[in-house]
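Asks: What follows is query-v8.csv; its format and atoms are CSV, C-alpha atoms and all ligand atoms.
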chain,number,residue,atom,x,y,z
A,1,MET,CA,83.0,32.7,78.0
A,2,LYS,CA,84.7,32.9,74.7
A,3,LEU,CA,84.4,35.2,71.7
A,4,LYS,CA,83.5,33.0,68.6
A,5,VAL,CA,85.1,34.3,65.5
A,6,ALA,CA,84.1,32.9,62.1
A,7,VAL,CA,86.8,32.8,59.4
A,8,GLN,CA,86.7,31.4,55.9
A,9,LYS,CA,87.7,27.8,55.6
A,10,GLY,CA,90.2,27.3,52.8
A,11,GLY,CA,90.0,30.4,50.5
A,12,ARG,CA,91.4,33.7,49.7
A,13,LEU,CA,90.8,35.2,53.1
A,14,SER,CA,91.7,32.2,55.4
A,15,GLU,CA,95.4,32.5,55.8
A,16,LYS,CA,95.4,36.3,56.2
A,17,SER,CA,92.5,36.2,58.7
A,18,LEU,CA,94.5,33.9,60.9
A,19,ALA,CA,97.7,35.9,60.3
A,20,LEU,CA,95.8,39.0,61.6
A,21,LEU,CA,94.7,37.2,64.8
A,22,ARG,CA,98.3,36.0,65.3
A,23,SER,CA,99.8,39.5,64.8
A,24,CYS,CA,97.3,40.6,67.5
A,25,GLY,CA,99.2,38.2,69.8
A,26,ILE,CA,96.5,35.5,69.7
A,27,LYS,CA,97.7,32.0,69.4
A,28,VAL,CA,95.4,29.9,67.2
A,29,SER,CA,96.3,26.7,65.4
A,30,ASN,CA,94.8,25.6,62.1
A,31,GLY,CA,95.1,21.8,62.0
A,32,GLY,CA,92.4,21.3,59.4
A,33,LYS,CA,89.8,21.3,62.1
A,34,LEU,CA,86.5,23.1,62.0
A,35,ARG,CA,87.1,24.9,65.2
A,36,SER,CA,90.1,25.8,67.3
A,37,GLU,CA,90.6,27.6,70.6
A,38,ALA,CA,93.2,30.3,71.2
A,39,THR,CA,95.5,29.4,74.1
A,40,ASN,CA,96.1,33.0,75.4
A,41,PHE,CA,92.9,34.9,74.7
A,42,PRO,CA,89.2,33.9,75.3
A,43,LEU,CA,88.6,33.3,71.7
A,44,GLU,CA,87.5,30.4,69.5
A,45,VAL,CA,87.9,30.3,65.7
A,46,LEU,CA,85.1,28.6,63.6
A,47,TYR,CA,86.1,27.7,60.1
A,48,LEU,CA,83.1,28.2,57.8
A,49,ARG,CA,82.2,28.8,54.1
A,50,ASP,CA,82.5,32.6,53.6
A,51,ASP,CA,79.0,32.9,52.1
A,52,ASP,CA,77.5,31.5,55.4
A,53,ILE,CA,79.5,33.8,57.7
A,54,PRO,CA,77.1,36.8,57.7
A,55,GLN,CA,74.2,34.5,58.5
A,56,TYR,CA,76.0,32.9,61.4
A,57,VAL,CA,77.1,36.2,62.8
A,58,ALA,CA,73.5,37.6,62.5
A,59,ASP,CA,72.2,34.6,64.3
A,60,GLY,CA,74.8,34.8,67.0
A,61,VAL,CA,76.3,31.4,66.2
A,62,ALA,CA,79.5,33.4,65.9
A,63,ASP,CA,80.0,36.8,67.6
A,64,LEU,CA,82.4,38.1,65.0
A,65,GLY,CA,83.3,37.2,61.4
A,66,ILE,CA,86.1,38.0,59.0
A,67,VAL,CA,84.6,38.1,55.5
A,68,GLY,CA,84.7,40.0,52.2
A,69,GLU,CA,82.7,43.2,52.2
A,70,ASN,CA,81.1,42.0,49.0
A,71,VAL,CA,79.6,39.0,50.8
A,72,VAL,CA,78.2,41.2,53.5
A,73,LYS,CA,76.5,43.4,50.9
A,74,GLU,CA,75.2,40.5,49.0
A,75,LYS,CA,73.7,38.6,52.0
A,76,LYS,CA,72.0,41.7,53.5
A,77,LYS,CA,72.0,40.2,57.0
A,78,ALA,CA,71.7,42.2,60.2
A,79,VAL,CA,75.3,42.5,61.1
A,80,GLU,CA,77.5,45.5,61.9
A,81,ILE,CA,80.8,46.2,60.1
A,82,ALA,CA,83.2,46.9,63.0
A,83,GLU,CA,86.3,47.5,61.0
A,84,ALA,CA,87.6,47.4,57.4
A,85,LEU,CA,90.7,45.2,57.6
A,86,GLY,CA,92.7,46.4,54.5
A,87,PHE,CA,93.6,43.0,53.1
A,88,ALA,CA,92.1,40.7,50.4
A,89,LYS,CA,91.3,43.8,48.3
A,90,CYS,CA,89.6,42.8,45.1
A,91,ARG,CA,87.0,43.8,42.5
A,92,LEU,CA,83.7,42.4,41.7
A,93,SER,CA,83.7,42.4,37.9
A,94,MET,CA,81.7,41.4,34.8
A,95,ALA,CA,83.7,39.2,32.5
A,96,VAL,CA,83.0,37.8,29.0
A,97,GLN,CA,84.7,35.3,26.7
A,98,ARG,CA,88.0,36.6,25.4
A,99,GLU,CA,87.0,36.4,21.7
A,100,ILE,CA,84.0,38.7,22.2
A,101,ASP,CA,84.4,42.1,20.7
A,102,TYR,CA,82.8,43.9,23.7
A,103,PRO,CA,81.1,47.2,22.6
A,104,GLY,CA,80.1,48.5,26.1
A,105,LEU,CA,77.4,48.0,28.7
A,106,ASP,CA,74.5,47.6,26.2
A,107,TRP,CA,76.0,44.3,25.3
A,108,PHE,CA,74.5,42.9,28.5
A,109,ASN,CA,70.9,43.6,27.4
A,110,GLY,CA,69.1,40.2,27.0
A,111,LYS,CA,72.2,38.2,28.1
A,112,LYS,CA,72.5,35.7,30.9
A,113,ILE,CA,75.0,36.4,33.7
A,114,ALA,CA,76.2,33.7,36.0
A,115,THR,CA,77.1,34.9,39.5
A,116,SER,CA,77.2,34.1,43.2
A,117,TYR,CA,76.2,37.7,43.9
A,118,PRO,CA,72.6,38.1,42.4
A,119,ASN,CA,71.6,41.0,44.6
A,120,ILE,CA,74.7,43.1,43.8
A,121,VAL,CA,74.4,42.3,40.1
A,122,GLN,CA,70.7,43.1,40.0
A,123,LYS,CA,71.4,46.5,41.6
A,124,PHE,CA,74.1,47.2,39.1
A,125,LEU,CA,71.8,46.3,36.2
A,126,ASP,CA,69.0,48.5,37.6
A,127,GLU,CA,71.4,51.4,38.0
A,128,LYS,CA,72.6,51.1,34.5
A,129,GLY,CA,69.1,50.6,33.1
A,130,LEU,CA,70.0,47.2,31.7
A,131,THR,CA,67.8,44.1,31.5
A,132,ALA,CA,69.6,40.8,31.8
A,133,GLU,CA,68.9,37.4,33.2
A,134,ILE,CA,70.8,36.3,36.4
A,135,GLU,CA,71.8,32.7,36.8
A,136,GLU,CA,72.7,32.2,40.5
A,137,ILE,CA,75.4,29.6,41.1
A,138,SER,CA,77.4,29.1,44.3
A,139,GLY,CA,80.8,28.1,42.9
A,140,SER,CA,83.0,27.6,39.9
A,141,VAL,CA,81.2,30.6,38.3
A,142,GLU,CA,84.0,31.1,35.7
A,143,ILE,CA,83.2,27.9,33.9
A,144,ALA,CA,79.7,28.9,33.0
A,145,PRO,CA,80.3,30.6,29.6
A,146,SER,CA,82.4,27.7,28.3
A,147,ILE,CA,79.7,25.1,29.2
A,148,GLY,CA,76.9,27.2,27.7
A,149,LEU,CA,75.3,28.0,31.0
A,150,ALA,CA,75.6,31.8,30.6
A,151,ASP,CA,76.9,34.5,28.3
A,152,SER,CA,79.0,36.1,31.0
A,153,VAL,CA,80.0,36.0,34.6
A,154,CYS,CA,80.2,38.5,37.5
A,155,ASP,CA,82.7,37.3,40.1
A,156,ILE,CA,85.5,38.3,42.4
A,157,VAL,CA,88.8,39.2,40.6
A,158,SER,CA,91.9,39.5,42.6
A,159,THR,CA,95.0,38.6,40.5
A,160,GLY,CA,92.9,37.9,37.4
A,161,SER,CA,94.4,34.4,37.0
A,162,THR,CA,91.1,32.6,37.4
A,163,LEU,CA,89.6,34.6,34.6
A,164,LEU,CA,92.6,34.0,32.4
A,165,ALA,CA,92.6,30.3,33.0
A,166,ASN,CA,89.0,30.2,31.9
A,167,GLY,CA,89.4,32.2,28.7
A,168,LEU,CA,87.5,35.2,30.1
A,169,LYS,CA,88.3,38.9,30.1
A,170,GLU,CA,87.1,41.6,32.6
A,171,VAL,CA,84.9,44.2,31.0
A,172,GLU,CA,83.2,46.1,33.8
A,173,THR,CA,84.0,46.8,37.4
A,174,VAL,CA,80.8,46.5,39.5
A,175,ASP,CA,82.2,47.0,43.0
A,176,ARG,CA,85.4,47.0,45.1
A,177,SER,CA,85.8,45.0,48.2
A,178,GLU,CA,88.2,44.0,51.0
A,179,ALA,CA,88.1,41.9,54.1
A,180,VAL,CA,86.0,43.4,57.0
A,181,LEU,CA,85.3,42.4,60.6
A,182,ILE,CA,81.6,42.0,61.2
A,183,GLN,CA,79.9,41.7,64.5
A,184,ASN,CA,76.6,40.4,65.9
A,185,MET,CA,74.3,43.3,66.8
A,186,ASN,CA,73.3,42.0,70.2
A,187,LEU,CA,76.5,41.2,72.0
A,188,SER,CA,76.5,40.9,75.8
A,189,ALA,CA,78.4,43.6,77.6
A,190,GLU,CA,81.0,41.1,78.5
A,191,LYS,CA,81.5,40.1,74.9
A,192,ALA,CA,81.4,43.7,73.6
A,193,GLU,CA,84.3,44.4,76.0
A,194,LEU,CA,86.3,41.6,74.5
A,195,VAL,CA,85.5,42.8,71.0
A,196,GLU,CA,86.9,46.3,72.0
A,197,LYS,CA,90.0,44.6,73.3
A,198,LEU,CA,90.5,42.8,70.0
A,199,LEU,CA,89.7,45.9,67.9
A,200,PHE,CA,92.3,47.8,69.9
A,201,ARG,CA,94.9,45.3,68.9
A,202,ILE,CA,93.7,45.1,65.2
A,203,ARG,CA,93.9,48.8,64.9
A,204,ALA,CA,97.4,48.9,66.4
A,205,VAL,CA,98.6,46.3,63.9
A,206,ASN,CA,96.9,47.8,60.9
A,207,LYS,CA,98.1,51.3,61.7
A,208,ALA,CA,101.7,50.0,62.1
A,209,ASP,CA,101.4,48.5,58.7
A,210,LYS,CA,100.9,51.9,57.1
A,211,PHE,CA,104.0,53.4,58.8
A,212,LYS,CA,107.7,52.9,58.8
A,213,TYR,CA,110.2,53.8,61.5
A,214,ILE,CA,112.9,56.1,60.1
A,215,LEU,CA,116.3,57.0,61.6
A,216,LEU,CA,118.8,59.4,60.0
A,217,ASN,CA,121.8,61.5,60.7
A,218,ALA,CA,121.8,65.2,59.9
A,219,PRO,CA,123.9,68.3,60.6
A,220,ASN,CA,122.3,70.3,63.4
A,221,ASP,CA,121.6,73.3,61.2
A,222,SER,CA,119.2,71.3,59.0
A,223,LEU,CA,117.2,69.8,61.9
A,224,ASP,CA,114.4,72.3,61.6
A,225,GLU,CA,113.8,71.6,58.0
A,226,ILE,CA,114.0,67.8,58.5
A,227,THR,CA,111.6,68.0,61.5
A,228,SER,CA,109.1,69.8,59.3
A,229,LEU,CA,109.3,66.9,56.8
A,230,LEU,CA,109.0,64.2,59.5
A,231,PRO,CA,106.6,65.5,62.2
A,232,GLY,CA,106.3,61.9,63.6
A,233,MET,CA,103.7,61.0,66.2
A,234,LYS,CA,104.3,64.1,68.4
A,235,SER,CA,107.6,65.3,67.2
A,236,PRO,CA,110.8,63.5,66.3
A,237,THR,CA,113.4,62.3,68.8
A,238,VAL,CA,116.7,64.1,68.4
A,239,LEU,CA,119.9,62.6,69.9
A,240,PRO,CA,123.4,64.1,69.7
A,241,LEU,CA,125.9,62.1,67.7
A,242,ALA,CA,129.5,61.7,69.0
A,243,LYS,CA,130.5,63.8,66.0
A,244,GLU,CA,130.4,67.5,66.8
A,245,GLY,CA,127.5,69.4,65.1
A,246,TRP,CA,125.6,66.3,64.1
A,247,SER,CA,122.4,64.6,65.4
A,248,SER,CA,120.5,61.4,64.9
A,249,LEU,CA,116.8,61.9,64.3
A,250,HIS,CA,114.1,59.2,64.8
A,251,SER,CA,110.6,59.5,63.6
A,252,VAL,CA,107.8,57.7,61.7
A,253,VAL,CA,106.8,58.1,58.1
A,254,LYS,CA,103.8,56.9,56.1
A,255,GLU,CA,104.7,53.9,53.9
A,256,ASP,CA,103.2,55.5,50.8
A,257,GLU,CA,104.9,58.8,51.3
A,258,PHE,CA,108.3,57.7,52.2
A,259,TRP,CA,110.0,57.7,48.8
A,260,GLU,CA,109.0,61.2,48.2
A,261,VAL,CA,110.0,62.3,51.7
A,262,ILE,CA,113.4,60.5,51.4
A,263,ASP,CA,114.3,62.6,48.3
A,264,ARG,CA,113.5,65.8,50.2
A,265,LEU,CA,115.4,64.6,53.3
A,266,ARG,CA,118.5,63.9,51.3
A,267,SER,CA,118.4,67.3,49.7
A,268,ALA,CA,118.0,68.8,53.2
A,269,GLY,CA,121.3,67.1,54.2
A,270,ALA,CA,120.2,63.9,55.8
A,271,GLU,CA,122.6,60.9,55.7
A,272,GLY,CA,122.6,57.3,56.8
A,273,ILE,CA,118.9,56.9,56.4
A,274,LEU,CA,117.4,53.7,57.8
A,275,VAL,CA,113.8,52.7,57.4
A,276,CYS,CA,112.4,49.8,59.5
A,277,PRO,CA,109.1,48.1,59.8
A,278,ILE,CA,106.9,48.8,62.8
A,279,GLU,CA,105.1,45.9,64.4
A,280,LYS,CA,102.4,47.6,66.5
A,281,MET,CA,101.5,51.2,66.8
A,282,VAL,CA,99.3,52.7,69.6
A,283,LEU,CA,98.6,56.4,69.4
B,301,LIG,C1,87.2,34.3,44.1
B,301,LIG,C2,86.6,34.0,42.8
B,301,LIG,C3,87.7,33.3,42.0
B,301,LIG,C4,89.0,33.9,42.7
B,301,LIG,C5,89.6,35.0,41.8
B,301,LIG,O1,86.9,33.3,45.0
B,301,LIG,O2,85.5,33.2,42.8
B,301,LIG,O3,87.7,31.9,42.2
B,301,LIG,O4,88.6,34.4,43.9
B,301,LIG,O5,90.9,35.3,42.2
B,301,LIG,P1,92.0,35.6,41.2
B,301,LIG,O6,91.6,36.8,40.3
B,301,LIG,O7,93.2,35.9,42.0
B,301,LIG,O8,92.2,34.4,40.3
B,301,LIG,P2,86.7,33.5,46.6
B,301,LIG,O9,88.0,33.7,47.3
B,301,LIG,O10,85.7,34.6,46.9
B,301,LIG,O11,86.2,32.2,47.1
B,301,LIG,P3,84.8,31.4,46.9
B,301,LIG,O12,84.2,31.9,45.6
B,301,LIG,O13,85.1,30.0,47.0
B,301,LIG,O14,83.9,31.9,48.1
B,302,ZN,ZN,82.4,32.1,48.7
Would you put the structure from the file into structure tokens?

Replies:
Amino acid sequence: MKLKVAVQKGGRLSEKSLALLRSCGIKVSNGGKLRSEATNFPLEVLYLRDDDIPQYVADGVADLGIVGENVVKEKKKAVEIAEALGFAKCRLSMAVQREIDYPGLDWFNGKKIATSYPNIVQKFLDEKGLTAEIEEISGSVEIAPSIGLADSVCDIVSTGSTLLANGLKEVETVDRSEAVLIQNMNLSAEKAELVEKLLFRIRAVNKADKFKYILLNAPNDSLDEITSLLPGMKSPTVLPLAKEGWSSLHSVVKEDEFWEVIDRLRSAGAEGILVCPIEKMVL
């Protein structure tokens, strides 16, 4: 018995989805095939179009899927979101041709919007009290205005380079999205157990990503103050230095707090501060 995991074949999420599995210690190859088996975990990866992944997971063709939250919302299939994965963050935005002097949302009344996300766009229009026509297309949405197919588009924006390359500008954010792990709602107990095992690893990897390991030297009389700045997982490790009256302190610090903390540590007397990445973190 194997856990079948659907990932996007060739797209924004593909590489990072495989990288996540690999950082969970699962060896999978991607030799341009449509499926590949892990060698050291009962798991098989299926490479599919991202738009089809919710359907396949709902049907049980795949047990799990890694896909954009936006696709899950659009497809409205019976799947469960097991975990937000924190990568492939993007916006779903309305964009118009660069030359247009965009006056605000009313501009969309009576216009035609090309998108691969008709349900999400319709909901947005309804919420804003707008009436516009939706032209559903499955790919190359950004080309629609220049070939006269629509007045505007609603699509995923990540770096913005696709819009730029097509002479478009972003005018409204409709939604935000990131990669999520979805799961079939009727997994066998055996498979559910494997999913738990995988989730445990995913959480350890993602948690570690948010933290740094920090080591520093400090005079013993400033250890209390420094400990209050670096509470760590339980409390910091303190080791005596060979130099009389000094200690080495080891702890963890949140990635997004560490610049601020480092300034305060220095003013508290910390020296020789080292900050290192953490690979896995289990609390
Ligand atoms: C989206 C979107 C654009 C691109 C935008 O595609 O359709 O092509 O990403 O990214 P950028 O702002 O960095 O240029 P997605 O990855 O969802 O693939 P798909 O449309 O082929 O499913
Ligand atoms: Zn897609």

Asks: Nearest to Ala78 in chain A among A:Glu178, A:Ala58, A:Leu187, A:Gly129, with distances taken over all atoms listed in the file: which residue is it?

Replies: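 Comparing A:Glu178, A:Ala58, A:Leu187, A:Gly129 against Ala78 in chain A, the winner is A:Ala58.
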
Asks: Using all atoms listed in the file, find the one residue out of A:Gly232, A:Gly160, A:Gly167, A:Gly68 that sits nearest to ligand ZN 302 (chain B).

Replies: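 Of A:Gly232, A:Gly160, A:Gly167, A:Gly68, the one nearest ligand ZN 302 (chain B) is A:Gly68, counting all atoms listed in the file.
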
Asks: List as a PDB file with C-alpha atoms, in the frame of the given file the protein and nucleic acid residues near Ile134 in chain A, meaning an atom at most 10 Å away when all atoms listed in the file are counted, but skip any in the same chain fewer than 5 places from it.

Replies:
ATOM      1  CA  LYS A 111      72.200  38.200  28.100  1.00  0.00           C
ATOM      2  CA  LYS A 112      72.500  35.700  30.900  1.00  0.00           C
ATOM      3  CA  ILE A 113      75.000  36.400  33.700  1.00  0.00           C
ATOM      4  CA  ALA A 114      76.200  33.700  36.000  1.00  0.00           C
ATOM      5  CA  THR A 115      77.100  34.900  39.500  1.00  0.00           C
ATOM      6  CA  SER A 116      77.200  34.100  43.200  1.00  0.00           C
ATOM      7  CA  TYR A 117      76.200  37.700  43.900  1.00  0.00           C
ATOM      8  CA  PRO A 118      72.600  38.100  42.400  1.00  0.00           C
ATOM      9  CA  ASN A 119      71.600  41.000  44.600  1.00  0.00           C
ATOM     10  CA  VAL A 121      74.400  42.300  40.100  1.00  0.00           C
ATOM     11  CA  GLN A 122      70.700  43.100  40.000  1.00  0.00           C
ATOM     12  CA  ALA A 150      75.600  31.800  30.600  1.00  0.00           C
ATOM     13  CA  SER A 152      79.000  36.100  31.000  1.00  0.00           C
ATOM     14  CA  VAL A 153      80.000  36.000  34.600  1.00  0.00           C
ATOM     15  CA  CYS A 154      80.200  38.500  37.500  1.00  0.00           C
TER      16      CYS A 154
END

Asks: Around the point (82.8, 46.4, 35.9) (coordinates from the file), which residues reach within 7 Å if we count only C-alpha atoms? Answer as JSON, numbers by chain.

Replies: {"A": [93, 94, 171, 172, 173, 174]}

Asks: Which residue out of A:Leu34, A:Leu181, A:Ile53, A:Val282 has the minimum interatomic distance to ligand ZN 302 (chain B) when all atoms listed in the file are used?

Replies: A:Ile53

Asks: Just want the residues within 12 Å of ligand ZN 302 (chain B), written as a PDB file with C-alpha atoms, keeping the file's coordinate frame, counting only C-alpha atoms and all ligand atoms.

Replies:
ATOM      1  CA  VAL A   7      86.800  32.800  59.400  1.00  0.00           C
ATOM      2  CA  GLN A   8      86.700  31.400  55.900  1.00  0.00           C
ATOM      3  CA  LYS A   9      87.700  27.800  55.600  1.00  0.00           C
ATOM      4  CA  GLY A  10      90.200  27.300  52.800  1.00  0.00           C
ATOM      5  CA  GLY A  11      90.000  30.400  50.500  1.00  0.00           C
ATOM      6  CA  ARG A  12      91.400  33.700  49.700  1.00  0.00           C
ATOM      7  CA  LEU A  13      90.800  35.200  53.100  1.00  0.00           C
ATOM      8  CA  SER A  14      91.700  32.200  55.400  1.00  0.00           C
ATOM      9  CA  LEU A  48      83.100  28.200  57.800  1.00  0.00           C
ATOM     10  CA  ARG A  49      82.200  28.800  54.100  1.00  0.00           C
ATOM     11  CA  ASP A  50      82.500  32.600  53.600  1.00  0.00           C
ATOM     12  CA  ASP A  51      79.000  32.900  52.100  1.00  0.00           C
ATOM     13  CA  ASP A  52      77.500  31.500  55.400  1.00  0.00           C
ATOM     14  CA  ILE A  53      79.500  33.800  57.700  1.00  0.00           C
ATOM     15  CA  PRO A  54      77.100  36.800  57.700  1.00  0.00           C
ATOM     16  CA  VAL A  67      84.600  38.100  55.500  1.00  0.00           C
ATOM     17  CA  GLY A  68      84.700  40.000  52.200  1.00  0.00           C
ATOM     18  CA  GLU A  69      82.700  43.200  52.200  1.00  0.00           C
ATOM     19  CA  ASN A  70      81.100  42.000  49.000  1.00  0.00           C
ATOM     20  CA  VAL A  71      79.600  39.000  50.800  1.00  0.00           C
ATOM     21  CA  VAL A  72      78.200  41.200  53.500  1.00  0.00           C
ATOM     22  CA  GLU A  74      75.200  40.500  49.000  1.00  0.00           C
ATOM     23  CA  LYS A  75      73.700  38.600  52.000  1.00  0.00           C
ATOM     24  CA  THR A 115      77.100  34.900  39.500  1.00  0.00           C
ATOM     25  CA  SER A 116      77.200  34.100  43.200  1.00  0.00           C
ATOM     26  CA  TYR A 117      76.200  37.700  43.900  1.00  0.00           C
ATOM     27  CA  ILE A 137      75.400  29.600  41.100  1.00  0.00           C
ATOM     28  CA  SER A 138      77.400  29.100  44.300  1.00  0.00           C
ATOM     29  CA  GLY A 139      80.800  28.100  42.900  1.00  0.00           C
ATOM     30  CA  SER A 140      83.000  27.600  39.900  1.00  0.00           C
ATOM     31  CA  VAL A 141      81.200  30.600  38.300  1.00  0.00           C
ATOM     32  CA  ASP A 155      82.700  37.300  40.100  1.00  0.00           C
ATOM     33  CA  ILE A 156      85.500  38.300  42.400  1.00  0.00           C
TER      34      ILE A 156
END

Asks: Record the distance separating CA of Arg201 in chain A and CA of Asp256 in chain A, expressed in Å with one decimal.

Replies: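 These two atoms are separated by 22.4 Å.
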
Asks: Using Å and a single decimal, report how far CA of Val195 in chain A sits from atom O12 of ligand LIG 301 (chain B).

Replies: 27.7 Å

Asks: Hey, which of A:Leu230, A:Ser235, A:Pro240, A:Val45 ends up closest to Arg264 in chain A? Count only C-alpha atoms.

Replies: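 Result for the nearest residue to Arg264 in chain A: A:Leu230.
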
Asks: Please, could all heavy atoms be added to range 273-281 of chain A and the result written as an mmCIF file, keeping the file's coordinate frame?

Replies:
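Now in rebuild-v1.cif:
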data_model
loop_
_atom_site.group_PDB
_atom_site.id
_atom_site.type_symbol
_atom_site.label_atom_id
_atom_site.label_comp_id
_atom_site.auth_asym_id
_atom_site.auth_seq_id
_atom_site.Cartn_x
_atom_site.Cartn_y
_atom_site.Cartn_z
ATOM 1 N N ILE A 273 120.299 57.101 56.143
ATOM 2 C CA ILE A 273 118.900 56.900 56.400
ATOM 3 C C ILE A 273 118.517 55.449 56.543
ATOM 4 O O ILE A 273 118.796 54.673 55.639
ATOM 5 C CB ILE A 273 118.021 57.601 55.318
ATOM 6 C CG1 ILE A 273 118.395 59.081 55.188
ATOM 7 C CG2 ILE A 273 116.532 57.415 55.579
ATOM 8 C CD1 ILE A 273 117.773 59.784 53.993
ATOM 9 N N LEU A 274 117.899 55.068 57.665
ATOM 10 C CA LEU A 274 117.400 53.700 57.800
ATOM 11 C C LEU A 274 115.914 53.708 57.965
ATOM 12 O O LEU A 274 115.357 54.558 58.655
ATOM 13 C CB LEU A 274 118.001 53.079 59.133
ATOM 14 C CG LEU A 274 119.519 52.964 59.271
ATOM 15 C CD1 LEU A 274 119.857 52.328 60.614
ATOM 16 C CD2 LEU A 274 120.092 52.139 58.132
ATOM 17 N N VAL A 275 115.252 52.782 57.280
ATOM 18 C CA VAL A 275 113.800 52.700 57.400
ATOM 19 C C VAL A 275 113.445 51.281 57.810
ATOM 20 O O VAL A 275 113.881 50.314 57.189
ATOM 21 C CB VAL A 275 113.161 53.002 55.982
ATOM 22 C CG1 VAL A 275 111.652 52.814 56.027
ATOM 23 C CG2 VAL A 275 113.503 54.423 55.558
ATOM 24 N N CYS A 276 112.711 51.156 58.906
ATOM 25 C CA CYS A 276 112.400 49.800 59.500
ATOM 26 C C CYS A 276 110.922 49.622 59.633
ATOM 27 O O CYS A 276 110.183 50.572 59.858
ATOM 28 C CB CYS A 276 113.052 49.713 60.871
ATOM 29 S SG CYS A 276 114.726 50.308 60.969
ATOM 30 N N PRO A 277 110.490 48.360 59.562
ATOM 31 C CA PRO A 277 109.100 48.100 59.800
ATOM 32 C C PRO A 277 108.681 48.310 61.252
ATOM 33 O O PRO A 277 109.521 48.199 62.147
ATOM 34 C CB PRO A 277 108.913 46.608 59.420
ATOM 35 C CG PRO A 277 110.275 46.031 59.489
ATOM 36 C CD PRO A 277 111.250 47.150 59.248
ATOM 37 N N ILE A 278 107.419 48.623 61.472
ATOM 38 C CA ILE A 278 106.900 48.800 62.800
ATOM 39 C C ILE A 278 105.896 47.642 63.046
ATOM 40 O O ILE A 278 105.086 47.361 62.169
ATOM 41 C CB ILE A 278 106.166 50.140 62.993
ATOM 42 C CG1 ILE A 278 107.127 51.292 62.694
ATOM 43 C CG2 ILE A 278 105.552 50.275 64.384
ATOM 44 C CD1 ILE A 278 106.455 52.653 62.665
ATOM 45 N N GLU A 279 105.954 46.999 64.192
ATOM 46 C CA GLU A 279 105.100 45.900 64.400
ATOM 47 C C GLU A 279 103.707 46.272 64.957
ATOM 48 O O GLU A 279 102.671 45.823 64.494
ATOM 49 C CB GLU A 279 105.748 44.897 65.378
ATOM 50 C CG GLU A 279 105.447 43.463 65.076
ATOM 51 C CD GLU A 279 106.179 42.550 66.017
ATOM 52 O OE1 GLU A 279 105.628 42.292 67.093
ATOM 53 O OE2 GLU A 279 107.308 42.134 65.683
ATOM 54 N N LYS A 280 103.694 47.132 65.949
ATOM 55 C CA LYS A 280 102.400 47.600 66.500
ATOM 56 C C LYS A 280 102.542 49.096 66.729
ATOM 57 O O LYS A 280 103.629 49.612 66.984
ATOM 58 C CB LYS A 280 102.182 46.966 67.906
ATOM 59 C CG LYS A 280 102.467 45.490 68.022
ATOM 60 C CD LYS A 280 101.274 44.667 67.609
ATOM 61 C CE LYS A 280 101.435 43.186 67.933
ATOM 62 N NZ LYS A 280 102.507 42.483 67.253
ATOM 63 N N MET A 281 101.414 49.794 66.664
ATOM 64 C CA MET A 281 101.500 51.200 66.800
ATOM 65 C C MET A 281 100.223 51.673 67.619
ATOM 66 O O MET A 281 99.094 51.434 67.196
ATOM 67 C CB MET A 281 101.459 51.881 65.434
ATOM 68 C CG MET A 281 101.862 53.305 65.419
ATOM 69 S SD MET A 281 102.381 53.716 63.739
ATOM 70 C CE MET A 281 102.256 55.475 63.856
#
